[in-house]
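Please read the structure below before turning to the comments.
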Amino acid sequence: MSLHVEPILPQFGAYCSGLDLTRQLSADEVKQVTDAMDKWGVTVWCNTGMNDEQHVEFSRNFGYLERVPLREGGTYRLPFRELFDASNLNAEGEITQDEAAIQYRKGDRLWHTDSAFMTKRTSYSLLLAHSVPGEGGQTWFADTRTAYDDLPDHMKHFLEDKIGINSLWWSRKLAGADIPDEEIDARFKAEHPLVHTHAGSGRKALFIAAHTMDVKGMDKAEGRQLIQDLIAHCTQDKYIFSVSWNVGDMVIWDNLCSMHKGGEYDYANEKRDMRRTTVREGTEPRSLELDDPFTELFAATPKVVDINAARDSGR
Ligand SMILES: [Fe+2]
């Protein structure tokens with residue numbers, strides 16, 4: 001079978017069809033998918049019919065899959081450690097009432113790139129819809145390559161050697177969590193260049209997110225203003241589109257050339273069950289046992305909002 005591609009914006013995003021993602025793909029078919037990803041950055045696959053196992057298996061074509069953090073005594077709603085739970089549900093599958101979990105998810109509704117707060121970056125995220133709200137809950141995507149291309153030369157020059165400092169807890173604070181600065185300062189931060197060359201296309205891209213707290217070597221206020229300005233630049237109407245989900249739809253996005261954010265919905269009353277696999281940049285397809293940085297990062301007990309609280313809510 002061969003891939004059919006229907007672009008969404010002139011240089012960014014495409015609806016893809018013609019491949020059955022539930023079965024094992026040939027090397028040529030995998031290449032068709034990666035070629036489409038390299039060109040379009042985000043691909044949307046409607047009504048895939050995939051289950052959890054097929055989701056994980058398909059994702060392994062693109063590298064090592066990160067695993068959700070382990071916690072002593074923790075309970076898990078989903079059957080594989082490779083599936084990150086992006087739902088508003090507790091371990092029993094009911095809408096969570098846990099304030100920490102609700103607060104944690106608010107950070108997902110800011111423009112971000114998955115795992116920017118980790119040293120080892122995420123290339124593809126593959127999100128599959130299992131249940132969707134009647135209204136809202138779409139996902140928005142922004143093109144960080146074309147947005148970079150369109151920056152004035154003096155800004156490109158200025159950004160060339162700049163390093164962003166990224167913190168998960170910074171994005172949670174931006175989303176309204178009450179996290180003291182000292183706590184953020186005490187926690188792990190990851191450094192990544194603000195501009196990099198996207199390996200699959202050779203195009204330069206901005207690498208920024210709500211997690212990007214400071215710019216190394218810059219005055220804090222100036223650095224934070226720069227980050228805000230860059231996010232505002234990338235998320236102008238001409239660089240963004242949204243996907244409205246139906247059950248069974250999968251979207252694959254390349255975090256190394258895009259940003260995304262979740263749309264609002266009635267999360268206190270409507271179930272939204274989304275499950276995500278997360279590919280580590282630069283790893284071989286089907287790598288199985290690498291290190292486990294997410295467990296390391298989340299091992300410290302938080303004072304406030306944390307992914308552990310989010311996952312364990314309702315126990
Ligand atoms: Fe995300």
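How things are named: the first chain in the structure tokens is A, the next is B, and so on; residues count from 1 in each chain; ligands count from 1 in the order shown.
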
Check your understanding: Could you pull out the alpha helix (DSSP H) residues of stretch 58-165 of chain A from DSSP and send them as a ChimeraX atom specification?
Key -> /A:58-59,99-106,144-149,153-159

Exercise for review: For ligand 1, list the contacting residues at 7 Å or closer, counting only C-alpha atoms and all ligand atoms, as JSON, numbers by chain.
Suggested key: {"A": [108, 112, 113, 114, 260, 261]}

Check your understanding: Residues at most 7 Å from stretch 123-131 of chain A, counting only C-alpha atoms, excluding those fewer than 3 positions away in the same chain, as a VMD selection string?
Key -> chain A and resid 245 to 256 271 to 281

Grab the residues selected above and save them as an mmCIF file, in the first residue's frame with C-alpha atoms.
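Result saved to selection18.cif:
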```cif
data_model
loop_
_atom_site.group_PDB
_atom_site.id
_atom_site.type_symbol
_atom_site.label_atom_id
_atom_site.label_comp_id
_atom_site.auth_asym_id
_atom_site.auth_seq_id
_atom_site.Cartn_x
_atom_site.Cartn_y
_atom_site.Cartn_z
ATOM 1 C CA TRP A 245 -10.286 14.270 17.498
ATOM 2 C CA ASN A 246 -12.487 11.253 16.968
ATOM 3 C CA VAL A 247 -11.974 7.931 18.716
ATOM 4 C CA GLY A 248 -9.292 5.920 16.930
ATOM 5 C CA ASP A 249 -7.488 8.937 15.481
ATOM 6 C CA MET A 250 -3.741 9.158 15.910
ATOM 7 C CA VAL A 251 -1.570 12.222 15.510
ATOM 8 C CA ILE A 252 2.193 11.941 15.260
ATOM 9 C CA TRP A 253 4.142 15.119 15.868
ATOM 10 C CA ASP A 254 7.851 15.755 15.733
ATOM 11 C CA ASN A 255 8.723 17.806 18.808
ATOM 12 C CA LEU A 256 11.972 18.851 17.179
ATOM 13 C CA LYS A 271 -13.921 12.027 29.746
ATOM 14 C CA ARG A 272 -10.967 12.563 27.475
ATOM 15 C CA ASP A 273 -8.832 9.433 27.241
ATOM 16 C CA MET A 274 -5.661 10.044 25.245
ATOM 17 C CA ARG A 275 -2.609 7.802 25.362
ATOM 18 C CA ARG A 276 0.834 8.757 24.147
ATOM 19 C CA THR A 277 4.016 6.999 23.196
ATOM 20 C CA THR A 278 7.184 9.056 23.261
ATOM 21 C CA VAL A 279 10.231 8.363 21.069
ATOM 22 C CA ARG A 280 13.687 9.340 22.285
ATOM 23 C CA GLU A 281 15.675 11.399 19.783
#
```

Proximity of stretch 128-169 of chain A to stretch 217-226 of chain A: per-residue shortest pair, 12 Å limit, only C-alpha atoms, as CSV:
```
residue,atom,partner,partner_atom,distance
A:Met155,CA,A:Leu226,CA,10.4
A:Phe158,CA,A:Leu226,CA,10.9
A:Leu159,CA,A:Leu226,CA,9.8
A:Asp161,CA,A:Gly217,CA,10.6
A:Lys162,CA,A:Gly217,CA,8.3
A:Ile163,CA,A:Gly217,CA,8.4
A:Gly164,CA,A:Gly223,CA,8.9
A:Ile165,CA,A:Gly223,CA,10.0
A:Asn166,CA,A:Arg224,CA,11.6
```

Export of prior selection with N, CA and C atoms as a CSV table (one decimal), in the first residue's frame:
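The resulting file, selection_2.csv, is shown below:
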```
chain,number,residue,atom,x,y,z
A,155,MET,N,17.8,38.7,14.2
A,155,MET,CA,17.3,37.8,15.3
A,155,MET,C,17.9,36.4,15.2
A,158,PHE,N,21.3,36.6,16.5
A,158,PHE,CA,21.3,36.7,17.9
A,158,PHE,C,21.1,35.4,18.6
A,159,LEU,N,20.2,34.6,18.0
A,159,LEU,CA,19.8,33.3,18.7
A,159,LEU,C,20.8,32.2,18.5
A,161,ASP,N,23.7,31.1,19.2
A,161,ASP,CA,24.4,30.4,20.3
A,161,ASP,C,23.7,30.4,21.6
A,162,LYS,N,22.4,30.7,21.6
A,162,LYS,CA,21.7,30.8,22.8
A,162,LYS,C,21.1,29.4,23.3
A,163,ILE,N,21.2,29.3,24.6
A,163,ILE,CA,20.8,28.0,25.2
A,163,ILE,C,19.6,28.3,26.1
A,164,GLY,N,18.6,27.5,25.9
A,164,GLY,CA,17.4,27.6,26.8
A,164,GLY,C,17.5,26.7,28.0
A,165,ILE,N,17.0,27.1,29.2
A,165,ILE,CA,17.0,26.3,30.4
A,165,ILE,C,15.6,25.9,30.7
A,166,ASN,N,15.3,24.6,30.7
A,166,ASN,CA,14.0,24.1,30.7
A,166,ASN,C,13.6,23.4,32.0
```

Stretch 220-254 of chain A residues near stretch 202-212 of chain A within 9 Å, closest pair each, using only C-alpha atoms, as a Markdown table:
```
| residue | atom | partner | partner_atom | distance |
| --- | --- | --- | --- | --- |
| A:Arg224 | CA | A:Thr212 | CA | 8.4 |
| A:Ile227 | CA | A:Thr212 | CA | 7.2 |
| A:Gln228 | CA | A:Ala210 | CA | 8.8 |
| A:Leu230 | CA | A:Ile208 | CA | 7.9 |
| A:Ile231 | CA | A:Ile208 | CA | 7.1 |
| A:Cys234 | CA | A:Leu206 | CA | 8.6 |
```

Using C-alpha atoms, can you write the selected residues to a file as a CSV table (one decimal), in the first residue's frame?
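Final output, out-v1.csv:
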```csv
chain,number,residue,atom,x,y,z
A,224,ARG,CA,12.0,35.5,29.7
A,227,ILE,CA,11.1,33.3,25.2
A,228,GLN,CA,7.6,34.9,25.3
A,230,LEU,CA,9.5,33.7,20.3
A,231,ILE,CA,6.5,31.6,21.4
A,234,CYS,CA,5.7,30.9,16.3
```

Practice item. Would you please extract all strand (DSSP E or B) residues from stretch 194-259 of chain A, as assigned by DSSP on the backbone, and give them as an NGL selection string? Key: :A and (195-197 or 204-206 or 212-215 or 240-243 or 250-254 or 258-259)
